file structure32.cif (mmCIF, N, CA and C atoms)
data_start
loop_
_atom_site.label_atom_id
_atom_site.label_comp_id
_atom_site.auth_asym_id
_atom_site.auth_seq_id
_atom_site.Cartn_x
_atom_site.Cartn_y
_atom_site.Cartn_z
N MET U 1 33.05 -13.74 -2.51
CA MET U 1 32.36 -14.71 -3.35
C MET U 1 31.41 -15.52 -2.45
N THR U 2 30.16 -15.60 -2.82
CA THR U 2 29.20 -16.33 -2.02
C THR U 2 29.25 -17.81 -2.38
N GLU U 3 28.73 -18.62 -1.47
CA GLU U 3 28.74 -20.06 -1.70
C GLU U 3 27.98 -20.43 -2.97
N THR U 4 26.88 -19.73 -3.23
CA THR U 4 26.08 -20.05 -4.40
C THR U 4 26.77 -19.66 -5.70
N SER U 5 27.73 -18.73 -5.64
CA SER U 5 28.42 -18.33 -6.86
C SER U 5 29.74 -19.08 -7.05
N LEU U 6 30.05 -20.01 -6.18
CA LEU U 6 31.27 -20.79 -6.29
C LEU U 6 31.20 -21.66 -7.54
N LYS U 7 32.19 -21.51 -8.41
CA LYS U 7 32.21 -22.27 -9.65
C LYS U 7 32.67 -23.70 -9.39
N SER U 8 32.39 -24.57 -10.33
CA SER U 8 32.78 -25.98 -10.18
C SER U 8 34.29 -26.11 -10.29
N TRP U 9 34.81 -27.22 -9.78
CA TRP U 9 36.25 -27.51 -9.86
C TRP U 9 36.71 -27.49 -11.31
N HIS U 10 35.92 -28.08 -12.18
CA HIS U 10 36.27 -28.14 -13.60
C HIS U 10 36.45 -26.73 -14.18
N GLU U 11 35.61 -25.80 -13.76
CA GLU U 11 35.67 -24.43 -14.28
C GLU U 11 36.89 -23.65 -13.77
N VAL U 12 37.29 -23.89 -12.53
CA VAL U 12 38.35 -23.07 -11.92
C VAL U 12 39.72 -23.76 -11.89
N ALA U 13 39.78 -25.04 -12.16
CA ALA U 13 41.06 -25.77 -12.05
C ALA U 13 42.19 -25.13 -12.86
N PRO U 14 41.98 -24.73 -14.11
CA PRO U 14 43.10 -24.12 -14.84
C PRO U 14 43.63 -22.85 -14.17
N HIS U 15 42.73 -22.04 -13.61
CA HIS U 15 43.17 -20.82 -12.93
C HIS U 15 43.91 -21.16 -11.64
N LEU U 16 43.41 -22.13 -10.87
CA LEU U 16 44.07 -22.52 -9.63
C LEU U 16 45.48 -23.05 -9.90
N ILE U 17 45.62 -23.83 -10.93
CA ILE U 17 46.93 -24.36 -11.31
C ILE U 17 47.86 -23.22 -11.70
N ALA U 18 47.35 -22.27 -12.46
CA ALA U 18 48.16 -21.12 -12.88
C ALA U 18 48.59 -20.28 -11.68
N VAL U 19 47.72 -20.13 -10.69
CA VAL U 19 48.07 -19.39 -9.48
C VAL U 19 49.14 -20.16 -8.70
N ALA U 20 48.94 -21.45 -8.51
CA ALA U 20 49.92 -22.26 -7.77
C ALA U 20 51.29 -22.24 -8.44
N ALA U 21 51.31 -22.16 -9.76
CA ALA U 21 52.56 -22.14 -10.51
C ALA U 21 53.16 -20.74 -10.60
N GLY U 22 52.42 -19.73 -10.16
CA GLY U 22 52.93 -18.36 -10.22
C GLY U 22 52.71 -17.66 -11.54
N ARG U 23 51.91 -18.24 -12.42
CA ARG U 23 51.64 -17.61 -13.72
C ARG U 23 50.52 -16.58 -13.63
N GLU U 24 49.68 -16.69 -12.60
CA GLU U 24 48.60 -15.73 -12.38
C GLU U 24 48.57 -15.38 -10.90
N ALA U 25 48.00 -14.23 -10.59
CA ALA U 25 47.97 -13.75 -9.21
C ALA U 25 46.78 -14.34 -8.45
N ALA U 26 46.99 -14.59 -7.17
CA ALA U 26 45.92 -15.04 -6.29
C ALA U 26 45.03 -13.86 -5.93
N ASP U 27 43.82 -14.16 -5.48
CA ASP U 27 42.94 -13.11 -4.96
C ASP U 27 43.37 -12.70 -3.56
N LEU U 28 43.87 -13.68 -2.80
CA LEU U 28 44.24 -13.46 -1.40
C LEU U 28 45.42 -14.35 -1.07
N VAL U 29 46.39 -13.82 -0.33
CA VAL U 29 47.49 -14.62 0.20
C VAL U 29 47.57 -14.35 1.70
N ILE U 30 47.56 -15.41 2.47
CA ILE U 30 47.74 -15.34 3.91
C ILE U 30 49.20 -15.73 4.15
N ARG U 31 49.97 -14.83 4.74
CA ARG U 31 51.42 -15.04 4.86
C ARG U 31 51.85 -15.26 6.30
N GLY U 32 52.84 -16.13 6.46
CA GLY U 32 53.53 -16.28 7.74
C GLY U 32 52.75 -16.95 8.85
N ALA U 33 51.78 -17.77 8.53
CA ALA U 33 50.96 -18.42 9.55
C ALA U 33 51.65 -19.66 10.12
N ARG U 34 51.18 -20.08 11.25
CA ARG U 34 51.56 -21.37 11.80
C ARG U 34 50.50 -22.36 11.30
N ALA U 35 50.86 -23.11 10.28
CA ALA U 35 49.90 -24.03 9.66
C ALA U 35 49.88 -25.33 10.45
N VAL U 36 48.71 -25.75 10.86
CA VAL U 36 48.56 -26.99 11.62
C VAL U 36 48.23 -28.12 10.65
N ASN U 37 49.09 -29.11 10.62
CA ASN U 37 48.86 -30.31 9.82
C ASN U 37 48.23 -31.34 10.74
N VAL U 38 46.91 -31.52 10.62
CA VAL U 38 46.22 -32.42 11.54
C VAL U 38 46.53 -33.89 11.24
N HIS U 39 47.06 -34.18 10.08
CA HIS U 39 47.42 -35.56 9.73
C HIS U 39 48.73 -35.97 10.42
N THR U 40 49.74 -35.11 10.37
CA THR U 40 51.04 -35.45 10.95
C THR U 40 51.24 -34.89 12.35
N ARG U 41 50.29 -34.10 12.82
CA ARG U 41 50.35 -33.47 14.14
C ARG U 41 51.51 -32.49 14.26
N GLU U 42 51.84 -31.83 13.15
CA GLU U 42 52.91 -30.84 13.14
C GLU U 42 52.33 -29.44 13.07
N VAL U 43 53.07 -28.50 13.62
CA VAL U 43 52.79 -27.09 13.42
C VAL U 43 53.92 -26.56 12.56
N LEU U 44 53.58 -26.13 11.36
CA LEU U 44 54.56 -25.69 10.37
C LEU U 44 54.69 -24.17 10.44
N GLU U 45 55.82 -23.70 10.86
CA GLU U 45 56.04 -22.26 11.06
C GLU U 45 56.19 -21.52 9.74
N ASN U 46 55.61 -20.33 9.68
CA ASN U 46 55.76 -19.40 8.55
C ASN U 46 55.32 -19.98 7.22
N TRP U 47 54.13 -20.52 7.17
CA TRP U 47 53.58 -21.05 5.92
C TRP U 47 52.57 -20.06 5.35
N ASP U 48 52.40 -20.15 4.04
CA ASP U 48 51.50 -19.25 3.32
C ASP U 48 50.39 -20.05 2.65
N VAL U 49 49.27 -19.37 2.42
CA VAL U 49 48.15 -19.95 1.69
C VAL U 49 47.69 -18.93 0.66
N ALA U 50 47.54 -19.39 -0.59
CA ALA U 50 47.02 -18.53 -1.65
C ALA U 50 45.62 -19.01 -2.02
N VAL U 51 44.70 -18.06 -2.15
CA VAL U 51 43.31 -18.35 -2.46
C VAL U 51 42.94 -17.67 -3.77
N ALA U 52 42.25 -18.41 -4.63
CA ALA U 52 41.77 -17.85 -5.90
C ALA U 52 40.37 -18.37 -6.16
N GLN U 53 39.50 -17.49 -6.52
CA GLN U 53 38.10 -17.82 -6.83
C GLN U 53 37.45 -18.65 -5.72
N GLY U 54 37.73 -18.28 -4.48
CA GLY U 54 37.09 -18.91 -3.34
C GLY U 54 37.65 -20.28 -2.97
N ARG U 55 38.76 -20.68 -3.59
CA ARG U 55 39.35 -21.99 -3.31
C ARG U 55 40.83 -21.85 -3.01
N ILE U 56 41.36 -22.79 -2.25
CA ILE U 56 42.79 -22.79 -1.94
C ILE U 56 43.54 -23.25 -3.18
N ALA U 57 44.50 -22.42 -3.61
CA ALA U 57 45.30 -22.74 -4.80
C ALA U 57 46.69 -23.22 -4.42
N TYR U 58 47.21 -22.77 -3.28
CA TYR U 58 48.57 -23.12 -2.89
C TYR U 58 48.69 -23.07 -1.37
N VAL U 59 49.39 -24.05 -0.81
CA VAL U 59 49.77 -24.04 0.60
C VAL U 59 51.23 -24.43 0.65
N GLY U 60 52.06 -23.62 1.27
CA GLY U 60 53.48 -23.94 1.34
C GLY U 60 54.26 -22.89 2.09
N PRO U 61 55.58 -23.08 2.15
CA PRO U 61 56.41 -22.18 2.94
C PRO U 61 56.63 -20.80 2.31
N ASP U 62 56.29 -20.62 1.03
CA ASP U 62 56.52 -19.33 0.40
C ASP U 62 55.59 -19.14 -0.80
N ALA U 63 54.62 -18.27 -0.65
CA ALA U 63 53.67 -18.00 -1.74
C ALA U 63 53.99 -16.69 -2.45
N SER U 64 55.22 -16.22 -2.34
CA SER U 64 55.56 -14.94 -2.97
C SER U 64 55.40 -14.98 -4.49
N HIS U 65 55.45 -16.16 -5.08
CA HIS U 65 55.30 -16.29 -6.53
C HIS U 65 53.85 -16.10 -6.99
N CYS U 66 52.90 -16.09 -6.06
CA CYS U 66 51.50 -15.94 -6.47
C CYS U 66 50.80 -14.82 -5.70
N LEU U 67 51.56 -13.83 -5.24
CA LEU U 67 50.96 -12.71 -4.52
C LEU U 67 49.93 -12.00 -5.39
N GLY U 68 48.86 -11.60 -4.75
CA GLY U 68 47.76 -11.03 -5.51
C GLY U 68 47.21 -9.75 -4.93
N ARG U 69 45.91 -9.62 -5.05
CA ARG U 69 45.22 -8.38 -4.72
C ARG U 69 45.26 -8.05 -3.23
N GLU U 70 45.11 -9.06 -2.39
CA GLU U 70 45.05 -8.81 -0.95
C GLU U 70 46.03 -9.74 -0.24
N VAL U 71 46.75 -9.19 0.73
CA VAL U 71 47.70 -9.98 1.52
C VAL U 71 47.38 -9.76 2.99
N ILE U 72 47.27 -10.86 3.72
CA ILE U 72 47.02 -10.80 5.16
C ILE U 72 48.27 -11.32 5.85
N ASP U 73 48.79 -10.52 6.78
CA ASP U 73 49.94 -10.94 7.57
C ASP U 73 49.41 -11.73 8.77
N ALA U 74 49.70 -13.02 8.79
CA ALA U 74 49.20 -13.89 9.86
C ALA U 74 50.30 -14.30 10.82
N GLU U 75 51.37 -13.54 10.87
CA GLU U 75 52.51 -13.89 11.71
C GLU U 75 52.06 -14.17 13.14
N GLY U 76 52.46 -15.35 13.64
CA GLY U 76 52.13 -15.73 15.00
C GLY U 76 50.74 -16.31 15.18
N ARG U 77 49.94 -16.31 14.13
CA ARG U 77 48.58 -16.85 14.23
C ARG U 77 48.54 -18.26 13.66
N TYR U 78 47.59 -19.03 14.12
CA TYR U 78 47.45 -20.40 13.67
C TYR U 78 46.46 -20.49 12.52
N LEU U 79 46.78 -21.35 11.57
CA LEU U 79 45.93 -21.62 10.43
C LEU U 79 45.64 -23.11 10.46
N ILE U 80 44.38 -23.46 10.56
CA ILE U 80 44.01 -24.86 10.71
C ILE U 80 42.83 -25.16 9.79
N PRO U 81 42.82 -26.35 9.17
CA PRO U 81 41.67 -26.68 8.32
C PRO U 81 40.42 -26.85 9.18
N GLY U 82 39.27 -26.79 8.53
CA GLY U 82 38.03 -27.03 9.24
C GLY U 82 38.06 -28.42 9.85
N LEU U 83 37.58 -28.53 11.07
CA LEU U 83 37.61 -29.80 11.79
C LEU U 83 36.33 -30.59 11.53
N CYS U 84 36.46 -31.90 11.50
CA CYS U 84 35.33 -32.79 11.29
C CYS U 84 35.10 -33.61 12.56
N ASP U 85 33.90 -33.51 13.11
CA ASP U 85 33.53 -34.31 14.27
C ASP U 85 33.10 -35.67 13.75
N ALA U 86 33.90 -36.68 14.01
CA ALA U 86 33.69 -38.00 13.40
C ALA U 86 32.62 -38.83 14.10
N HIS U 87 32.13 -38.40 15.25
CA HIS U 87 31.10 -39.17 15.94
C HIS U 87 30.24 -38.21 16.74
N MET U 88 29.02 -38.03 16.30
CA MET U 88 28.15 -37.04 16.93
C MET U 88 26.72 -37.54 16.96
N HIS U 89 26.05 -37.34 18.09
CA HIS U 89 24.63 -37.63 18.23
C HIS U 89 23.93 -36.30 18.50
N ILE U 90 23.31 -35.75 17.49
CA ILE U 90 22.69 -34.43 17.63
C ILE U 90 21.66 -34.42 18.75
N GLU U 91 20.88 -35.49 18.87
CA GLU U 91 19.82 -35.51 19.88
C GLU U 91 20.36 -35.44 21.30
N SER U 92 21.60 -35.88 21.53
CA SER U 92 22.19 -35.84 22.87
C SER U 92 22.44 -34.42 23.35
N GLY U 93 22.66 -33.52 22.43
CA GLY U 93 22.88 -32.12 22.80
C GLY U 93 21.60 -31.37 23.06
N MET U 94 20.47 -31.97 22.70
CA MET U 94 19.15 -31.37 22.88
C MET U 94 19.05 -30.01 22.18
N LEU U 95 19.70 -29.91 21.00
CA LEU U 95 19.65 -28.71 20.19
C LEU U 95 19.15 -29.08 18.80
N THR U 96 18.60 -28.11 18.11
CA THR U 96 18.26 -28.35 16.72
C THR U 96 19.58 -28.37 15.93
N PRO U 97 19.60 -28.95 14.73
CA PRO U 97 20.83 -28.91 13.93
C PRO U 97 21.35 -27.49 13.71
N ALA U 98 20.46 -26.54 13.49
CA ALA U 98 20.89 -25.15 13.29
C ALA U 98 21.53 -24.57 14.55
N GLU U 99 20.94 -24.85 15.71
CA GLU U 99 21.51 -24.36 16.97
C GLU U 99 22.87 -25.00 17.24
N LEU U 100 22.99 -26.29 16.95
CA LEU U 100 24.27 -26.97 17.14
C LEU U 100 25.32 -26.39 16.22
N ALA U 101 24.96 -26.15 14.96
CA ALA U 101 25.91 -25.57 14.01
C ALA U 101 26.37 -24.19 14.49
N ALA U 102 25.45 -23.38 14.99
CA ALA U 102 25.80 -22.05 15.49
C ALA U 102 26.76 -22.14 16.68
N ALA U 103 26.66 -23.22 17.45
CA ALA U 103 27.53 -23.39 18.62
C ALA U 103 28.92 -23.89 18.26
N VAL U 104 29.04 -24.75 17.25
CA VAL U 104 30.34 -25.39 16.98
C VAL U 104 31.15 -24.73 15.87
N ILE U 105 30.50 -24.11 14.90
CA ILE U 105 31.23 -23.51 13.77
C ILE U 105 32.24 -22.45 14.24
N PRO U 106 31.90 -21.58 15.19
CA PRO U 106 32.90 -20.59 15.62
C PRO U 106 34.16 -21.21 16.25
N HIS U 107 34.09 -22.48 16.61
CA HIS U 107 35.24 -23.16 17.22
C HIS U 107 35.98 -24.05 16.23
N GLY U 108 35.61 -23.98 14.94
CA GLY U 108 36.37 -24.67 13.91
C GLY U 108 35.76 -25.94 13.34
N THR U 109 34.66 -26.42 13.90
CA THR U 109 34.04 -27.63 13.34
C THR U 109 33.24 -27.23 12.11
N THR U 110 33.57 -27.84 10.98
CA THR U 110 32.88 -27.50 9.73
C THR U 110 32.03 -28.63 9.20
N SER U 111 32.19 -29.84 9.76
CA SER U 111 31.37 -30.96 9.30
C SER U 111 31.27 -32.00 10.42
N MET U 112 30.23 -32.85 10.31
CA MET U 112 29.99 -33.87 11.33
C MET U 112 29.46 -35.13 10.68
N PHE U 113 29.78 -36.25 11.29
CA PHE U 113 29.14 -37.52 10.96
C PHE U 113 28.16 -37.77 12.10
N THR U 114 26.87 -37.71 11.79
CA THR U 114 25.87 -37.83 12.85
C THR U 114 25.20 -39.19 12.82
#
call {"tool": "encode", "arguments": {"input": "structure32.cif", "output": "structure tokens"}}
result
Amino acid sequence: MTETSLKSWHEVAPHLIAVAAGREAADLVIRGARAVNVHTREVLENWDVAVAQGRIAYVGPDASHCLGREVIDAEGRYLIPGLCDAHMHIESGMLTPAELAAAVIPHGTTSMFT
């Protein structure tokens, strides 16, 4: 699903809720990951993530109730949300915004306050 075809929250919320509740299948389930909770600084062993229509529908210790079309075994791998750089001066890096994005996105930074 491309970014431009991503439906609004209002359009997909009923489906996401149904997937999280196990009434409908997810498009993708990532199983057995080490989920990093950046708020509590915990690494949660063997957690699953279910994705439907390009959005996260469920995160928890067992997504077997919403298994869907594709399953990825992430055993031993880390799953972390996109990181936000809370203080950034683009001009200090002497890069264009596009060049900076190309440098930081592969390392997990998905947004910045500049």
call {"tool": "residues_around", "arguments": {"input": "structure32.cif", "residues": "Val71 (chain U)", "least_positions_apart": "4", "cutoff": "8 Å", "atoms": "all atoms listed in the file", "output": "list in words"}}
result
Asp27, Leu28, Val29, Ile30, Arg31 and Leu67 of chain U
call {"tool": "residues_around", "arguments": {"input": "structure32.cif", "residues": "region 85-90 of chain U", "least_positions_apart": "6", "cutoff": "6 Å", "atoms": "only C-alpha atoms", "output": "list in words"}}
result
Met112, Phe113 and Thr114 of chain U
call {"tool": "write_last_selection", "arguments": {"input": "structure32.cif", "atoms": "N, CA and C atoms", "output": "PDB file, in the coordinates of the input"}}
result
ATOM      1  N   MET U 112      30.230 -32.850  10.310  1.00  0.00           N
ATOM      2  CA  MET U 112      29.990 -33.870  11.330  1.00  0.00           C
ATOM      3  C   MET U 112      29.460 -35.130  10.680  1.00  0.00           C
ATOM      4  N   PHE U 113      29.780 -36.250  11.290  1.00  0.00           N
ATOM      5  CA  PHE U 113      29.140 -37.520  10.960  1.00  0.00           C
ATOM      6  C   PHE U 113      28.160 -37.770  12.100  1.00  0.00           C
ATOM      7  N   THR U 114      26.870 -37.710  11.790  1.00  0.00           N
ATOM      8  CA  THR U 114      25.870 -37.830  12.850  1.00  0.00           C
ATOM      9  C   THR U 114      25.200 -39.190  12.820  1.00  0.00           C
TER      10      THR U 114
END
call {"tool": "select_by_dssp", "arguments": {"input": "structure32.cif", "residues": "chain U", "states": "helix (DSSP H, G or I)", "output": "ChimeraX atom specification"}}
result
/U:3-5,9-20,64-66,90-93,97-107
call {"tool": "write_last_selection", "arguments": {"input": "structure32.cif", "atoms": "N, CA and C atoms", "output": "mmCIF file, in the coordinates of the input"}}
result
data_model
loop_
_atom_site.group_PDB
_atom_site.id
_atom_site.type_symbol
_atom_site.label_atom_id
_atom_site.label_comp_id
_atom_site.auth_asym_id
_atom_site.auth_seq_id
_atom_site.Cartn_x
_atom_site.Cartn_y
_atom_site.Cartn_z
ATOM 1 N N GLU U 3 28.730 -18.620 -1.470
ATOM 2 C CA GLU U 3 28.740 -20.060 -1.700
ATOM 3 C C GLU U 3 27.980 -20.430 -2.970
ATOM 4 N N THR U 4 26.880 -19.730 -3.230
ATOM 5 C CA THR U 4 26.080 -20.050 -4.400
ATOM 6 C C THR U 4 26.770 -19.660 -5.700
ATOM 7 N N SER U 5 27.730 -18.730 -5.640
ATOM 8 C CA SER U 5 28.420 -18.330 -6.860
ATOM 9 C C SER U 5 29.740 -19.080 -7.050
ATOM 10 N N TRP U 9 34.810 -27.220 -9.780
ATOM 11 C CA TRP U 9 36.250 -27.510 -9.860
ATOM 12 C C TRP U 9 36.710 -27.490 -11.310
ATOM 13 N N HIS U 10 35.920 -28.080 -12.180
ATOM 14 C CA HIS U 10 36.270 -28.140 -13.600
ATOM 15 C C HIS U 10 36.450 -26.730 -14.180
ATOM 16 N N GLU U 11 35.610 -25.800 -13.760
ATOM 17 C CA GLU U 11 35.670 -24.430 -14.280
ATOM 18 C C GLU U 11 36.890 -23.650 -13.770
ATOM 19 N N VAL U 12 37.290 -23.890 -12.530
ATOM 20 C CA VAL U 12 38.350 -23.070 -11.920
ATOM 21 C C VAL U 12 39.720 -23.760 -11.890
ATOM 22 N N ALA U 13 39.780 -25.040 -12.160
ATOM 23 C CA ALA U 13 41.060 -25.770 -12.050
ATOM 24 C C ALA U 13 42.190 -25.130 -12.860
ATOM 25 N N PRO U 14 41.980 -24.730 -14.110
ATOM 26 C CA PRO U 14 43.100 -24.120 -14.840
ATOM 27 C C PRO U 14 43.630 -22.850 -14.170
ATOM 28 N N HIS U 15 42.730 -22.040 -13.610
ATOM 29 C CA HIS U 15 43.170 -20.820 -12.930
ATOM 30 C C HIS U 15 43.910 -21.160 -11.640
ATOM 31 N N LEU U 16 43.410 -22.130 -10.870
ATOM 32 C CA LEU U 16 44.070 -22.520 -9.630
ATOM 33 C C LEU U 16 45.480 -23.050 -9.900
ATOM 34 N N ILE U 17 45.620 -23.830 -10.930
ATOM 35 C CA ILE U 17 46.930 -24.360 -11.310
ATOM 36 C C ILE U 17 47.860 -23.220 -11.700
ATOM 37 N N ALA U 18 47.350 -22.270 -12.460
ATOM 38 C CA ALA U 18 48.160 -21.120 -12.880
ATOM 39 C C ALA U 18 48.590 -20.280 -11.680
ATOM 40 N N VAL U 19 47.720 -20.130 -10.690
ATOM 41 C CA VAL U 19 48.070 -19.390 -9.480
ATOM 42 C C VAL U 19 49.140 -20.160 -8.700
ATOM 43 N N ALA U 20 48.940 -21.450 -8.510
ATOM 44 C CA ALA U 20 49.920 -22.260 -7.770
ATOM 45 C C ALA U 20 51.290 -22.240 -8.440
ATOM 46 N N SER U 64 55.220 -16.220 -2.340
ATOM 47 C CA SER U 64 55.560 -14.940 -2.970
ATOM 48 C C SER U 64 55.400 -14.980 -4.490
ATOM 49 N N HIS U 65 55.450 -16.160 -5.080
ATOM 50 C CA HIS U 65 55.300 -16.290 -6.530
ATOM 51 C C HIS U 65 53.850 -16.100 -6.990
ATOM 52 N N CYS U 66 52.900 -16.090 -6.060
ATOM 53 C CA CYS U 66 51.500 -15.940 -6.470
ATOM 54 C C CYS U 66 50.800 -14.820 -5.700
ATOM 55 N N ILE U 90 23.310 -35.750 17.490
ATOM 56 C CA ILE U 90 22.690 -34.430 17.630
ATOM 57 C C ILE U 90 21.660 -34.420 18.750
ATOM 58 N N GLU U 91 20.880 -35.490 18.870
ATOM 59 C CA GLU U 91 19.820 -35.510 19.880
ATOM 60 C C GLU U 91 20.360 -35.440 21.300
ATOM 61 N N SER U 92 21.600 -35.880 21.530
ATOM 62 C CA SER U 92 22.190 -35.840 22.870
ATOM 63 C C SER U 92 22.440 -34.420 23.350
ATOM 64 N N GLY U 93 22.660 -33.520 22.430
ATOM 65 C CA GLY U 93 22.880 -32.120 22.800
ATOM 66 C C GLY U 93 21.600 -31.370 23.060
ATOM 67 N N PRO U 97 19.600 -28.950 14.730
ATOM 68 C CA PRO U 97 20.830 -28.910 13.930
ATOM 69 C C PRO U 97 21.350 -27.490 13.710
ATOM 70 N N ALA U 98 20.460 -26.540 13.490
ATOM 71 C CA ALA U 98 20.890 -25.150 13.290
ATOM 72 C C ALA U 98 21.530 -24.570 14.550
ATOM 73 N N GLU U 99 20.940 -24.850 15.710
ATOM 74 C CA GLU U 99 21.510 -24.360 16.970
ATOM 75 C C GLU U 99 22.870 -25.000 17.240
ATOM 76 N N LEU U 100 22.990 -26.290 16.950
ATOM 77 C CA LEU U 100 24.270 -26.970 17.140
ATOM 78 C C LEU U 100 25.320 -26.390 16.220
ATOM 79 N N ALA U 101 24.960 -26.150 14.960
ATOM 80 C CA ALA U 101 25.910 -25.570 14.010
ATOM 81 C C ALA U 101 26.370 -24.190 14.490
ATOM 82 N N ALA U 102 25.450 -23.380 14.990
ATOM 83 C CA ALA U 102 25.800 -22.050 15.490
ATOM 84 C C ALA U 102 26.760 -22.140 16.680
ATOM 85 N N ALA U 103 26.660 -23.220 17.450
ATOM 86 C CA ALA U 103 27.530 -23.390 18.620
ATOM 87 C C ALA U 103 28.920 -23.890 18.260
ATOM 88 N N VAL U 104 29.040 -24.750 17.250
ATOM 89 C CA VAL U 104 30.340 -25.390 16.980
ATOM 90 C C VAL U 104 31.150 -24.730 15.870
ATOM 91 N N ILE U 105 30.500 -24.110 14.900
ATOM 92 C CA ILE U 105 31.230 -23.510 13.770
ATOM 93 C C ILE U 105 32.240 -22.450 14.240
ATOM 94 N N PRO U 106 31.900 -21.580 15.190
ATOM 95 C CA PRO U 106 32.900 -20.590 15.620
ATOM 96 C C PRO U 106 34.160 -21.210 16.250
ATOM 97 N N HIS U 107 34.090 -22.480 16.610
ATOM 98 C CA HIS U 107 35.240 -23.160 17.220
ATOM 99 C C HIS U 107 35.980 -24.050 16.230
#
call {"tool": "resolve_selection", "arguments": {"input": "structure32.cif", "expression": "the PyMOL selection byres ((chain U and resi 108) around 7)", "output": "list of chain:residue names"}}
result
U:Pro81, U:Gly82, U:Leu83, U:Cys84, U:Val104, U:Ile105, U:Pro106, U:His107, U:Thr109, U:Thr110, U:Ser111
call {"tool": "select_by_dssp", "arguments": {"input": "structure32.cif", "residues": "chain U", "states": "strand (DSSP E)", "output": "MDAnalysis selection string"}}
result
chainID U and resid 28:37 42:52 55:60 70:73 78:79 83:85 109:112
call {"tool": "residues_around", "arguments": {"input": "structure32.cif", "residues": "Lys7 (chain U)", "least_positions_apart": "5", "cutoff": "9 Å", "atoms": "only C-alpha atoms", "output": "number ranges by chain"}}
result
U: 12, 53-54
call {"tool": "write_last_selection", "arguments": {"input": "structure32.cif", "atoms": "N, CA and C atoms", "output": "PDB file, keeping the file's coordinate frame"}}
result
ATOM      1  N   VAL U  12      37.290 -23.890 -12.530  1.00  0.00           N
ATOM      2  CA  VAL U  12      38.350 -23.070 -11.920  1.00  0.00           C
ATOM      3  C   VAL U  12      39.720 -23.760 -11.890  1.00  0.00           C
ATOM      4  N   GLN U  53      39.500 -17.490  -6.520  1.00  0.00           N
ATOM      5  CA  GLN U  53      38.100 -17.820  -6.830  1.00  0.00           C
ATOM      6  C   GLN U  53      37.450 -18.650  -5.720  1.00  0.00           C
ATOM      7  N   GLY U  54      37.730 -18.280  -4.480  1.00  0.00           N
ATOM      8  CA  GLY U  54      37.090 -18.910  -3.340  1.00  0.00           C
ATOM      9  C   GLY U  54      37.650 -20.280  -2.970  1.00  0.00           C
TER      10      GLY U  54
END
call {"tool": "resolve_selection", "arguments": {"input": "structure32.cif", "expression": "the PyMOL selection byres ((chain U and resi 44) around 8)", "output": "MDAnalysis selection string"}}
result
chainID U and resid 32:37 41:43 45:48 61
call {"tool": "atom_distance", "arguments": {"input": "structure32.cif", "atom1": "atom N of Arg55 (chain U)", "atom2": "atom N of Tyr78 (chain U)"}}
result
19.9 Å
call {"tool": "residues_around", "arguments": {"input": "structure32.cif", "residues": "His15 (chain U)", "least_positions_apart": "5", "cutoff": "8 Å", "atoms": "all atoms listed in the file", "output": "PyMOL selection string"}}
result
chain U and resi 10+20-21+24+52-53+57
